[in-house]
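Shown next, in structure tokens, is the structure this report addresses.
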Amino acid sequence: MSVQERKQRERAERERLIVATARELAEQQGWDAVTTRRLAERIEYSQPVLYSHFRGKREIIGAVALEGAAEMAAAVRAAAAAADGPRDRAAALAGAYLDFAERNPAVYDALFQLDGGLPYAREDTPESLKDAFAALMESLGEVAGDGVHPGLFTEVFWASLHGLATLTRAGRILPEDAAQRVELLVDRLAVV
């Protein structure tokens, strides 16, 4: 291995460490606790080293969001693949989405609440964000109904899931009714 390759590998490892540490700190104490000073202390590198990878917290949030999008896509695909039939796939996808939001609140915030500097719903949207939407559309497109654009249906279904995730987390709706909400959402929106 050349010196150049080793340096690239070390740089990539440092970047992964920064993102993992930011994510861990955000999940434990919230995003307000994530500062370059605290990250530098935790990973035992100087702040200039952090800035050589990310221009600031916004870019770190964006990196966490991209990582989270890939994880969410995998989770909803796995849940949908394990289900039989279009309705069950939509319900499994919804459950996996809400479970992801509950288990990863800081990542969910990075994806959908905070400014990570990432463009959404544009041609220059990063591939992992596009793939997360595609993971939703793969199962939801088949229950959109005749004459309904699968992308638009997916946006409406996703908006409903996001609302449920956000309201549940904020304590505005009871978490014990989550399964009934998913069933109602699928029964009312999905055409099977």
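Ligands are numbered from 1 in the order shown, residues from 1 within each chain, and chains are lettered A, B, ... in the order they appear in the structure tokens.
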Considering only C-alpha atoms, give me a table of residues in range 28-124 of chain A that are at most 9 Å from range 157-161 of chain A, with the closest atom pair and distance in Å for each, as JSON lines.
```
{"residue": "A:Ala94", "atom": "CA", "partner": "A:Leu161", "partner_atom": "CA", "distance": 6.9}
{"residue": "A:Tyr97", "atom": "CA", "partner": "A:Leu161", "partner_atom": "CA", "distance": 7.4}
{"residue": "A:Leu98", "atom": "CA", "partner": "A:Leu161", "partner_atom": "CA", "distance": 6.9}
```
My list of candidates is A:Asn104, A:Thr36, A:Gln28, A:Gln4. Which is closest to His53 in chain A when distances are computed with only C-alpha atoms?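 Looking at the shortest contact to His53 in chain A, the residue is A:Thr36.
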Just list the residues in range 34-105 of chain A DSSP gives helix (DSSP H, G or I) on the backbone, as a count of residues only. 59
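Counting from CA of Val182 in chain A, the distance to CA of Leu114 in chain A is 25.5 Å.
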